[in-house]
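File shown here: my_file.txt, holding compact mmCIF, C-alpha atoms.
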```txt
# COMPACT_ATOMS: atom_id res chain seq x y z
CA MET A 1 -17.34 -56.88 80.64
CA ASN A 2 -14.82 -54.39 79.37
CA VAL A 3 -16.40 -50.95 79.30
CA ARG A 4 -14.73 -47.79 78.09
CA PRO A 5 -16.18 -44.31 78.01
CA GLU A 6 -17.77 -43.67 74.61
CA THR A 7 -16.18 -40.25 74.35
CA ALA A 8 -12.61 -41.46 74.86
CA ARG A 9 -10.57 -41.86 71.69
CA HIS A 10 -9.06 -45.32 71.34
CA VAL A 11 -8.02 -47.83 68.73
CA PRO A 12 -10.30 -50.83 68.21
CA GLY A 13 -9.31 -53.79 70.41
CA GLN A 14 -6.19 -54.02 72.56
CA PRO A 15 -3.56 -51.37 71.72
CA ASP A 16 -1.07 -54.24 72.16
CA MET A 17 -2.41 -55.91 69.02
CA TRP A 18 -1.64 -52.73 67.10
CA ALA A 19 1.98 -53.09 68.20
CA PHE A 20 1.86 -56.53 66.56
CA VAL A 21 0.34 -55.02 63.41
CA LEU A 22 3.12 -52.43 63.30
CA PHE A 23 5.87 -54.98 63.87
CA GLU A 24 4.50 -57.48 61.34
CA GLY A 25 4.04 -54.60 58.92
CA LEU A 26 7.75 -53.83 59.26
CA VAL A 27 8.73 -57.47 58.79
CA PHE A 28 6.59 -57.81 55.66
CA THR A 29 7.93 -54.50 54.35
CA ALA A 30 11.39 -56.05 54.62
CA TYR A 31 10.20 -59.17 52.70
CA PHE A 32 8.68 -56.96 50.01
CA THR A 33 11.81 -54.81 49.76
CA VAL A 34 13.99 -57.89 49.21
CA TYR A 35 11.51 -59.13 46.59
CA VAL A 36 11.45 -55.81 44.73
CA PHE A 37 15.26 -55.57 44.75
CA SER A 38 15.60 -59.14 43.48
CA ARG A 39 13.06 -58.40 40.77
CA ALA A 40 14.88 -55.25 39.70
CA ARG A 41 18.04 -57.33 39.15
CA SER A 42 16.40 -59.64 36.58
CA PRO A 43 13.03 -58.22 35.49
CA GLU A 44 12.78 -60.39 32.36
CA LEU A 45 13.13 -63.65 34.28
CA PHE A 46 10.57 -62.52 36.83
CA LEU A 47 8.12 -61.58 34.08
CA GLN A 48 8.51 -64.96 32.40
CA SER A 49 7.90 -66.80 35.67
CA GLN A 50 5.00 -64.53 36.55
CA ALA A 51 3.21 -65.83 33.44
CA HIS A 52 2.70 -69.13 35.33
CA LEU A 53 0.29 -67.41 37.70
CA ASP A 54 -3.39 -67.19 36.88
CA LEU A 55 -4.47 -63.61 37.56
CA ARG A 56 -8.12 -64.71 37.79
CA VAL A 57 -7.32 -67.01 40.73
CA GLY A 58 -5.44 -64.16 42.41
CA VAL A 59 -8.40 -61.81 41.93
CA PHE A 60 -10.82 -64.46 43.23
CA ASN A 61 -8.70 -65.03 46.36
CA THR A 62 -8.45 -61.28 46.95
CA LEU A 63 -12.21 -60.82 46.65
CA VAL A 64 -12.82 -63.73 49.04
CA LEU A 65 -10.51 -62.21 51.66
CA LEU A 66 -12.02 -58.74 51.19
CA ALA A 67 -15.44 -60.31 51.71
CA SER A 68 -14.14 -61.96 54.88
CA SER A 69 -12.92 -58.57 56.14
CA TRP A 70 -16.34 -57.10 55.38
CA SER A 71 -18.14 -59.83 57.34
CA MET A 72 -15.67 -59.39 60.21
CA ALA A 73 -16.36 -55.65 60.27
CA CYS A 74 -20.10 -56.43 60.33
CA CYS A 75 -19.45 -58.85 63.20
CA VAL A 76 -17.71 -56.14 65.26
CA GLN A 77 -20.43 -53.61 64.47
CA ALA A 78 -23.18 -56.06 65.45
CA ALA A 79 -21.33 -56.96 68.66
CA ARG A 80 -21.10 -53.26 69.57
CA GLU A 81 -24.86 -52.98 69.08
CA HIS A 82 -25.39 -56.15 71.16
CA ALA A 83 -26.96 -57.87 68.15
CA ASP A 84 -25.50 -61.20 69.26
CA ARG A 85 -27.09 -63.40 66.64
CA ALA A 86 -25.92 -61.22 63.74
CA ALA A 87 -22.44 -60.93 65.27
CA THR A 88 -22.09 -64.70 65.64
CA THR A 89 -23.40 -65.31 62.10
CA ASN A 90 -20.85 -62.87 60.70
CA ALA A 91 -18.01 -64.47 62.67
CA TYR A 92 -18.88 -67.87 61.16
CA LEU A 93 -19.25 -66.28 57.73
CA THR A 94 -15.73 -64.89 58.08
CA MET A 95 -14.49 -68.39 58.90
CA LEU A 96 -16.26 -69.72 55.83
CA PHE A 97 -14.58 -67.13 53.58
CA GLY A 98 -11.27 -68.02 55.21
CA VAL A 99 -11.80 -71.71 54.42
CA VAL A 100 -12.69 -70.86 50.80
CA PHE A 101 -9.43 -68.90 50.54
CA LEU A 102 -7.41 -71.77 52.03
CA VAL A 103 -8.92 -74.35 49.69
CA SER A 104 -8.44 -72.07 46.69
CA LYS A 105 -4.81 -71.40 47.65
CA LEU A 106 -4.07 -75.11 48.15
CA ARG A 107 -5.62 -75.86 44.77
CA GLU A 108 -3.58 -73.09 43.14
CA TRP A 109 -0.37 -74.53 44.62
CA ALA A 110 -1.31 -78.08 43.53
CA VAL A 111 -2.00 -76.99 39.95
CA ALA A 112 1.23 -74.95 39.81
CA ILE A 113 3.32 -77.87 41.11
CA GLU A 114 1.62 -80.20 38.62
CA HIS A 115 2.79 -77.85 35.85
CA GLY A 116 6.36 -77.98 37.16
CA PHE A 117 6.25 -74.57 38.86
CA THR A 118 7.87 -75.47 42.17
CA LEU A 119 9.75 -73.71 44.96
CA THR A 120 13.07 -74.21 43.15
CA THR A 121 11.95 -73.43 39.57
CA GLY A 122 13.38 -69.92 39.75
CA GLU A 123 13.80 -66.86 41.92
CA PHE A 124 10.24 -65.65 41.29
CA SER A 125 8.73 -69.03 42.19
CA SER A 126 10.77 -69.05 45.43
CA PHE A 127 9.32 -65.68 46.40
CA TYR A 128 5.85 -66.75 45.28
CA TYR A 129 5.81 -69.84 47.51
CA PHE A 130 7.54 -68.04 50.34
CA LEU A 131 5.24 -65.00 50.47
CA THR A 132 2.03 -66.96 49.92
CA GLY A 133 3.25 -69.66 52.34
CA ILE A 134 4.06 -67.28 55.19
CA HIS A 135 0.72 -65.55 54.59
CA PHE A 136 -0.99 -68.95 54.69
CA LEU A 137 0.57 -69.56 58.10
CA HIS A 138 -0.72 -66.20 59.36
CA LEU A 139 -4.15 -67.15 58.07
CA LEU A 140 -4.11 -70.46 59.97
CA ILE A 141 -3.40 -68.52 63.17
CA GLY A 142 -6.26 -66.23 62.12
CA PHE A 143 -8.66 -69.16 62.55
CA VAL A 144 -7.59 -69.38 66.20
CA ALA A 145 -8.41 -65.65 66.53
CA LEU A 146 -11.80 -66.20 64.88
CA ALA A 147 -12.54 -69.15 67.17
CA ILE A 148 -11.74 -66.95 70.21
CA ALA A 149 -14.05 -64.21 68.86
CA ALA A 150 -16.86 -66.71 68.19
CA ARG A 151 -16.49 -68.14 71.70
CA GLN A 152 -16.73 -64.65 73.19
CA LEU A 153 -19.89 -63.95 71.21
CA ARG A 154 -21.56 -67.15 72.42
CA SER A 155 -21.70 -65.90 76.01
CA PRO A 156 -22.81 -62.24 75.92
CA ALA A 157 -22.72 -61.93 79.72
CA ALA A 158 -19.01 -62.67 79.93
CA ARG A 159 -18.06 -61.15 76.61
CA SER A 160 -15.17 -58.77 76.15
CA GLN A 161 -15.81 -56.44 73.24
CA GLU A 162 -12.11 -55.63 73.34
CA VAL A 163 -11.13 -59.26 72.69
CA VAL A 164 -13.58 -59.49 69.76
CA GLU A 165 -12.07 -56.33 68.25
CA THR A 166 -8.54 -57.56 68.87
CA CYS A 167 -9.29 -60.74 66.91
CA ALA A 168 -10.86 -58.64 64.15
CA THR A 169 -7.75 -56.46 63.99
CA TYR A 170 -5.62 -59.56 63.45
CA TRP A 171 -7.92 -60.78 60.70
CA HIS A 172 -7.93 -57.43 58.90
CA THR A 173 -4.12 -57.39 59.06
CA ILE A 174 -3.99 -60.72 57.23
CA ASP A 175 -6.33 -59.32 54.61
CA PHE A 176 -4.26 -56.16 54.24
CA LEU A 177 -1.04 -58.16 53.85
CA TRP A 178 -2.68 -60.34 51.20
CA VAL A 179 -3.70 -57.29 49.14
CA LEU A 180 -0.04 -56.21 49.10
CA ILE A 181 1.16 -59.71 48.22
CA PHE A 182 -1.43 -59.93 45.45
CA ALA A 183 -0.33 -56.58 44.01
CA LEU A 184 3.36 -57.53 44.09
CA LEU A 185 3.10 -61.09 42.78
CA TYR A 186 0.16 -61.02 40.40
CA VAL A 187 -0.28 -57.43 39.24
CA MET A 188 3.13 -55.70 39.26
CA ARG A 189 4.71 -56.07 35.80
CA MET B 190 28.60 -56.14 99.89
CA SER B 191 25.04 -55.02 100.54
CA TRP B 192 23.84 -56.91 97.49
CA LEU B 193 24.56 -60.15 99.35
CA HIS B 194 21.63 -59.35 101.61
CA ASP B 195 19.38 -58.24 98.76
CA GLU B 196 16.41 -60.59 98.62
CA LYS B 197 16.48 -60.30 94.83
CA ARG B 198 20.15 -61.27 94.51
CA GLU B 199 19.43 -64.60 92.79
CA LEU B 200 17.23 -62.87 90.26
CA TRP B 201 19.90 -60.26 89.54
CA ILE B 202 22.49 -63.00 89.12
CA GLY B 203 20.15 -64.68 86.62
CA TRP B 204 19.51 -61.42 84.76
CA TRP B 205 23.18 -60.42 84.59
CA THR B 206 24.01 -63.93 83.39
CA LEU B 207 21.60 -63.31 80.49
CA VAL B 208 23.17 -59.95 79.66
CA VAL B 209 26.77 -61.17 79.89
CA PHE B 210 25.99 -64.37 77.97
CA TYR B 211 24.31 -62.62 75.04
CA ASN B 212 27.16 -60.09 74.77
CA LEU B 213 29.73 -62.85 74.98
CA TYR B 214 27.76 -64.92 72.46
CA GLY B 215 27.88 -62.02 69.98
CA LEU B 216 31.61 -61.47 70.58
CA LEU B 217 32.46 -65.17 70.21
CA PHE B 218 30.37 -65.84 67.11
CA PHE B 219 30.89 -62.55 65.27
CA VAL B 220 34.44 -61.55 66.22
CA ILE B 221 36.48 -64.45 67.56
CA THR B 222 35.24 -67.46 65.57
CA ARG B 223 34.01 -65.27 62.68
CA THR B 224 31.22 -67.76 61.94
CA GLN B 225 28.55 -65.02 61.91
CA PRO B 226 27.32 -63.52 59.68
CA PRO B 227 27.39 -66.95 58.05
CA PRO B 228 29.73 -67.51 55.10
CA ASP B 229 28.70 -68.39 51.56
CA PRO B 230 26.87 -71.78 51.47
CA SER B 231 28.07 -72.48 47.91
CA LEU B 232 31.83 -72.63 48.62
CA ASP B 233 33.57 -75.52 46.85
CA PRO B 234 35.64 -78.01 48.95
CA THR B 235 38.94 -76.19 48.32
CA GLU B 236 37.42 -72.89 49.45
CA VAL B 237 35.97 -74.59 52.51
CA VAL B 238 39.43 -75.89 53.49
CA ARG B 239 40.75 -72.32 53.09
CA TRP B 240 37.84 -70.98 55.17
CA PHE B 241 38.75 -73.31 58.05
CA ALA B 242 42.48 -72.51 57.72
CA GLU B 243 41.90 -68.73 57.79
CA ARG B 244 40.16 -68.84 61.19
CA ARG B 245 41.65 -72.00 62.69
CA HIS B 246 42.74 -70.49 66.01
CA GLY B 247 39.61 -68.39 66.33
CA LEU B 248 37.46 -71.49 65.89
CA ILE B 249 39.42 -73.62 68.35
CA TYR B 250 39.79 -71.05 71.15
CA GLY B 251 36.48 -69.33 70.48
CA TYR B 252 34.45 -72.51 70.69
CA ALA B 253 36.46 -73.69 73.70
CA ILE B 254 35.09 -70.61 75.49
CA VAL B 255 31.60 -71.33 74.10
CA PHE B 256 31.73 -74.84 75.61
CA ILE B 257 32.82 -73.42 78.97
CA VAL B 258 30.18 -70.68 79.16
CA GLY B 259 27.51 -72.86 77.53
CA GLY B 260 26.34 -73.98 80.96
CA ALA B 261 25.11 -70.44 81.58
CA THR B 262 22.13 -71.26 79.37
CA ALA B 263 20.74 -73.31 82.28
CA ILE B 264 20.62 -70.17 84.47
CA MET B 265 19.18 -68.14 81.61
CA ASN B 266 16.45 -70.66 80.90
CA ALA B 267 15.66 -70.82 84.60
CA MET B 268 15.28 -67.03 84.65
CA LEU B 269 12.86 -67.11 81.73
CA ALA B 270 10.90 -70.01 83.25
CA TYR B 271 10.76 -68.04 86.52
CA SER B 272 8.96 -65.21 84.71
CA ILE B 273 6.34 -67.71 83.54
CA ARG B 274 5.99 -69.09 87.07
CA ARG B 275 5.02 -65.60 88.25
CA MET B 276 2.06 -65.71 85.86
CA SER B 277 -1.43 -66.94 86.65
CA VAL B 278 -1.02 -69.89 84.32
CA SER B 279 -0.35 -73.60 84.73
CA ARG B 280 3.18 -74.69 85.72
CA ALA B 281 3.16 -76.80 82.56
CA PHE B 282 4.08 -73.65 80.57
CA ALA B 283 7.29 -73.07 82.53
CA TYR B 284 8.25 -76.75 82.46
CA SER B 285 7.68 -77.15 78.73
CA TYR B 286 9.60 -73.92 78.08
CA LEU B 287 12.54 -75.22 80.13
CA VAL B 288 12.63 -78.58 78.34
CA ILE B 289 12.36 -77.05 74.86
CA TYR B 290 15.08 -74.47 75.45
CA ALA B 291 17.37 -76.97 77.16
CA LEU B 292 17.16 -79.16 74.05
CA ALA B 293 17.48 -76.15 71.74
CA THR B 294 20.96 -75.49 73.13
CA LEU B 295 22.19 -78.38 70.98
CA PRO B 296 21.26 -77.05 67.51
CA GLY B 297 21.36 -73.45 68.73
CA MET B 298 25.00 -73.55 69.81
CA LEU B 299 26.75 -76.82 70.64
CA ILE B 300 26.48 -78.87 67.42
CA MET B 301 27.94 -76.04 65.37
CA GLY B 302 30.74 -75.57 67.90
CA VAL B 303 31.61 -79.28 67.84
CA ALA B 304 31.53 -79.45 64.03
CA CYS B 305 33.66 -76.32 63.56
CA THR B 306 36.17 -77.53 66.15
CA VAL B 307 36.35 -80.94 64.42
CA GLY B 308 37.04 -79.14 61.12
CA ALA B 309 39.62 -76.77 62.59
CA MET B 310 41.53 -79.39 64.61
CA ARG B 311 42.36 -81.60 61.57
CA PRO B 312 43.07 -79.23 58.65
CA GLU B 313 44.76 -82.01 56.63
CA ARG B 314 41.47 -83.89 56.27
CA ASP B 315 40.03 -84.72 52.80
CA PRO B 316 38.42 -81.51 51.37
CA ALA B 317 35.22 -83.46 50.60
CA LEU B 318 34.92 -84.32 54.30
CA MET B 319 35.68 -80.73 55.30
CA SER B 320 32.89 -79.64 52.99
CA TRP B 321 30.54 -82.08 54.73
CA ILE B 322 31.53 -80.72 58.15
CA TYR B 323 31.02 -77.14 56.91
CA ASP B 324 27.51 -77.97 55.67
CA PHE B 325 26.67 -79.86 58.85
CA ALA B 326 27.88 -77.00 61.04
CA PHE B 327 25.90 -74.24 59.36
CA LEU B 328 22.77 -76.21 58.47
CA SER B 329 22.51 -77.49 62.04
CA PHE B 330 22.84 -73.91 63.32
CA GLU B 331 21.01 -71.73 60.79
CA GLY B 332 18.51 -74.26 59.49
CA THR B 333 17.13 -75.34 62.85
CA MET B 334 15.97 -71.98 64.18
CA GLY B 335 12.50 -73.53 64.09
CA VAL B 336 13.23 -75.23 67.42
CA PHE B 337 12.70 -71.82 69.03
CA LEU B 338 9.26 -71.58 67.43
CA ILE B 339 7.41 -73.70 69.98
CA GLY B 340 9.24 -72.04 72.88
CA SER B 341 8.15 -68.61 71.66
CA LEU B 342 4.56 -69.83 71.26
CA VAL B 343 4.57 -71.27 74.80
CA TRP B 344 5.75 -67.93 76.17
CA MET B 345 3.21 -66.09 74.00
CA ILE B 346 0.23 -68.12 75.26
CA ALA B 347 1.42 -67.76 78.87
CA VAL B 348 1.70 -63.95 78.53
CA LEU B 349 -1.71 -63.63 76.84
CA LEU B 350 -3.47 -65.83 79.43
CA ASP B 351 -1.71 -64.28 82.42
CA GLU B 352 -3.83 -62.10 84.67
CA ASN B 353 -0.99 -60.97 86.94
CA GLY B 354 0.34 -58.55 84.31
CA VAL B 355 3.88 -59.95 84.55
CA PHE B 356 4.55 -58.83 80.98
CA PRO B 357 2.52 -56.49 78.76
CA LYS B 358 0.28 -58.21 76.22
CA TRP B 359 2.19 -56.70 73.32
CA PHE B 360 5.15 -58.82 74.37
CA GLY B 361 2.92 -61.87 73.89
CA TYR B 362 2.27 -60.73 70.32
CA LEU B 363 5.97 -59.98 69.81
CA ASN B 364 6.59 -63.64 70.66
CA LEU B 365 4.30 -64.53 67.78
CA CYS B 366 6.31 -62.25 65.44
CA ASN B 367 9.52 -63.92 66.59
CA ALA B 368 8.02 -67.41 66.15
CA LEU B 369 6.85 -66.59 62.62
CA THR B 370 10.26 -65.28 61.56
CA GLU B 371 11.93 -68.44 62.88
CA VAL B 372 9.93 -70.34 60.24
CA VAL B 373 11.45 -68.38 57.35
CA VAL B 374 14.84 -69.97 57.99
CA ALA B 375 13.57 -73.40 56.86
CA PRO B 376 14.26 -72.81 53.11
CA ALA B 377 17.99 -72.59 53.96
CA TRP B 378 17.99 -76.40 53.72
CA ILE B 379 17.11 -76.13 50.02
CA PHE B 380 18.78 -72.97 48.70
CA LYS B 381 22.52 -72.37 48.35
CA SER B 382 22.24 -68.77 47.21
CA GLY B 383 19.85 -65.85 47.27
CA ALA B 384 17.52 -64.45 49.93
CA PHE B 385 16.60 -67.89 51.33
CA ALA B 386 20.08 -69.37 51.66
CA TRP B 387 21.57 -69.63 55.17
CA ASN B 388 23.31 -66.28 54.69
CA GLY B 389 20.40 -64.73 52.77
CA ALA B 390 18.63 -61.42 53.33
CA ILE B 391 15.44 -63.11 54.53
CA ALA B 392 16.68 -66.37 56.06
CA TRP B 393 19.48 -64.75 58.07
CA TRP B 394 19.58 -60.95 58.13
CA LEU B 395 15.90 -60.37 58.73
CA ASN B 396 15.60 -63.24 61.17
CA MET B 397 18.60 -61.93 63.10
CA GLY B 398 17.15 -58.40 63.14
CA VAL B 399 13.91 -59.65 64.68
CA PHE B 400 15.74 -61.92 67.13
CA VAL B 401 18.02 -59.11 68.37
CA THR B 402 15.00 -56.81 68.86
CA TYR B 403 13.11 -59.58 70.65
CA THR B 404 16.08 -60.33 72.92
CA ALA B 405 16.60 -56.65 73.80
CA VAL B 406 12.90 -56.37 74.62
CA PHE B 407 12.70 -59.39 76.89
CA LEU B 408 15.91 -58.41 78.71
CA THR B 409 14.36 -54.99 79.44
CA LEU B 410 11.06 -56.53 80.53
CA LEU B 411 12.79 -59.06 82.78
CA ARG B 412 14.74 -56.23 84.42
CA ARG B 413 11.49 -54.38 85.07
CA LEU B 414 9.97 -57.57 86.46
CA ILE B 415 12.82 -57.89 88.98
CA LEU B 416 12.65 -54.19 89.96
CA ARG B 417 8.90 -54.52 90.47
CA GLU B 418 9.06 -57.85 92.27
CA ASP B 419 7.65 -57.62 95.76
CA PHE B 420 8.07 -60.86 97.64
CA GLY B 421 6.20 -59.65 100.70
CA THR B 422 5.67 -62.48 103.13
CA GLY B 423 4.11 -64.90 100.69
CA PRO B 424 5.78 -68.10 99.50
CA LEU B 425 8.09 -68.02 96.49
CA PRO B 426 6.71 -69.60 93.33
```

Will you turn the file into C-alpha cells for me?
Amino acid sequence: MNVRPETARHVPGQPDMWAFVLFEGLVFTAYFTVYVFSRARSPELFLQSQAHLDLRVGVFNTLVLLASSWSMACCVQAAREHADRAATTNAYLTMLFGVVFLVSKLREWAVAIEHGFTLTTGEFSSFYYFLTGIHFLHLLIGFVALAIAARQLRSPAARSQEVVETCATYWHTIDFLWVLIFALLYVMR
Amino acid sequence: MSWLHDEKRELWIGWWTLVVFYNLYGLLFFVITRTQPPPDPSLDPTEVVRWFAERRHGLIYGYAIVFIVGGATAIMNAMLAYSIRRMSVSRAFAYSYLVIYALATLPGMLIMGVACTVGAMRPERDPALMSWIYDFAFLSFEGTMGVFLIGSLVWMIAVLLDENGVFPKWFGYLNLCNALTEVVVAPAWIFKSGAFAWNGAIAWWLNMGVFVTYTAVFLTLLRRLILREDFGTGPLP
C-alpha cells in the first residue's frame, strides 16, 4: 500500500497525472483560442448556427458530469477513510453518470444530424462536432480510469490510494474541460 | 577511438541516428522540398502544376535523400523498442511497437515522397492528374497521422505498467496526449480550408507543436536511459 506522511504537502494522486492535466489544458486552450478567433471573424454566422443547439440538453449534460465529479470526490474521500463499500458504490455511480452523459451526447448528435446539422454544415458545426467529439474520446478513456479505480477498491489489502486519486484526477479533468466546452459552444453569444 | 570500446556504443549510435534523422527530416521537408508547412489544399489544377514547377529540383533531390536516409528509421525504431525491452512488461509491447512503426514509415514518409517525385519528374502531365497526385501526396501524409496513435498507446501502457522506472510515468501520460492529438488530423480528409484542413491551425499546426514537444522529450529521456544504463554482468535484453 502506498503510504505518505499525513503532514507532507502533496497533490492528490500521482504528480505525473498533473503533468498530463497541464499539457492537455494547454492543448485545449489552443483549440479554444482557434475557436474564439474563428468566431470573431464571422460572429453572425456562428450565432445563427448556435441556434441549432438545445441549451437545455447542454445544461443537462453539464449537471450530469458535475454530479459524476461529485460522486468521484465522494469515492476518494471514502477510500481515504477506508470506507470501502461507500467508495466502491461511488465509483460505480460515477460510471453510471458517465454512461448517462454518453447516451445523452449520442442522442444529441443523432437529433442534430437528423435536422441537417452535420460536421460540414458550417464553421460552427465543425467546431461543435470537433470539440464535443474529442471530449467524448477523453471520456471513453475515462471509463478505463474508472475501471482501474473500481478494481483497486475491490481489494483493500492491495489497494493504492494514489492510483485511485490519479484516476479521479483524470475524471475531474474531463469534467472541467466539458464545463469550458459548454460555456464556449452553448452559452457564449 | 575510445568510444569503440564503450559498451554502450550501439546505443549511442542508435540515439545519434535518431537525432541526426529528425534534424535531417526537418531540413528536407521544410527547407529543401518545401512541402512543410503543407500548402493550400484548395489549389486549382493550374496552381498545382505551378506549385510542382516552383520546387521541382527541391522535390526531386530532396526526396532522393529521403529515400536514401529512410532506412535509418529501422535503427530508430529498434532504439525505441529497446527502451520497452528494458521495462518489466511483456515482449509483445516492443514487438507490436516495431511492427506498427515499420508500417507507419509508408504513410509517414515514403508515399508522399514517391507521389511528389512522380509529380515533379513529369511536369508536362495533364493538370487534372497533377492535382490528383498533389491530393494523394498530402492526404496520405497529413491525413494518416492516426497510424501513430496505436504506437503511442502501446508505449504509454508499457511505461505505466513498467516497474523498472525506465521512463517517468508522466511520459506515459504524454504519450496519451500525443495519441489524442494525432486523432485531430482525421478531419483533413473532409475539409479543404479552415482549422481542420491539412494545413489548418488545429489539424497541422497544433498537431505539429505537440509532436515536436513529444519528440524532444523522448530524445532527452532516451539519452538519460543510455547514460543510466548499467549492464553489469547480467544478460542483455

So which residues touch Ile202 of chain B within 12 Å, counting all atoms listed in the file, skipping near sequence neighbours fewer than 4 positions away, as a list in words? Trp192, Leu193, Asp195, Glu196, Lys197, Arg198, Thr206, Leu207, Val208, Val209, Phe210, Ala261, Ile264, Met265, Ala267, Met268, Arg412 and Ile415 of chain B

Identify all chain B residues at most 12 Å from chain A by counting only C-alpha atoms; ligands do not count. Present them as number ranges by chain. B: 342, 348-349, 356-386, 389-392, 394-400, 402-403

Fewer than 2 positions away in the same chain doesn't count, so skip those; otherwise give me all residues within 9 Å of segment 316-323 of chain B, counting only C-alpha atoms, as a PyMOL selection string. chain B and resi 230+232-238+241+304-305+307-308+312-314+325-328

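We find atom CA of Leu139 of chain A and atom CA of Glu114 of chain A to be spaced 24.1 Å apart.
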
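For the atom pair formed by atom CA of Ile113 of chain A and atom CA of Leu65 of chain A, the distance is 23.4 Å, given to one decimal.
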
Rounded to one decimal, what separation in Å do you get between atom CA of Trp171 of chain A and atom CA of Ala67 of chain A? 11.7 Å

List the neighbours of Arg56 of chain A out to 12 Å using all atoms listed in the file; skip same-chain residues closer than 2 positions along the sequence, and give me the result as an MDAnalysis selection string. chainID A and resid 52:54 58:63 104 108 182 186:187

Save the residues we just selected, C-alpha atoms, as a short mmCIF file (atom, residue, chain, number, x, y, z; two decimals), keeping the file's coordinate frame?
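Below is the file that was written, out_14.cif:
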```cif
data_model
loop_
_atom_site.label_atom_id
_atom_site.label_comp_id
_atom_site.auth_asym_id
_atom_site.auth_seq_id
_atom_site.Cartn_x
_atom_site.Cartn_y
_atom_site.Cartn_z
CA HIS A 52 2.70 -69.13 35.33
CA LEU A 53 0.29 -67.41 37.70
CA ASP A 54 -3.39 -67.19 36.88
CA GLY A 58 -5.44 -64.16 42.41
CA VAL A 59 -8.40 -61.81 41.93
CA PHE A 60 -10.82 -64.46 43.23
CA ASN A 61 -8.70 -65.03 46.36
CA THR A 62 -8.45 -61.28 46.95
CA LEU A 63 -12.21 -60.82 46.65
CA SER A 104 -8.44 -72.07 46.69
CA GLU A 108 -3.58 -73.09 43.14
CA PHE A 182 -1.43 -59.93 45.45
CA TYR A 186 0.16 -61.02 40.40
CA VAL A 187 -0.28 -57.43 39.24
#
```

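Distance cut-off 8 Å, centre (-19.8, -63.2, 64.5), atoms counted only C-alpha atoms; the residues meeting this are Met72, Cys74, Cys75, Val76, Ala78, Ala79, Asp84, Arg85, Ala86, Ala87, Thr88, Thr89, Asn90, Ala91, Tyr92, Leu93, Thr94, Ala149, Ala150 and Leu153 of chain A.
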
Show which residues sit within 12 Å of segment 243-254 of chain B, as a ChimeraX atom specification. Count only C-alpha atoms, and ignore same-chain residues fewer than 5 positions away. /B:210,213-225,236-238,259-261,298-312

Return as JSON the centre and edge lengths, in Å with one decimal, of the box along x, y and z that encloses every atom of segment 221-226 of chain B in the file, padded by 5 Å per side.
```
{"center_x": 31.9, "center_y": -65.6, "center_z": 63.6, "size_x": 19.2, "size_y": 14.2, "size_z": 17.9}
```
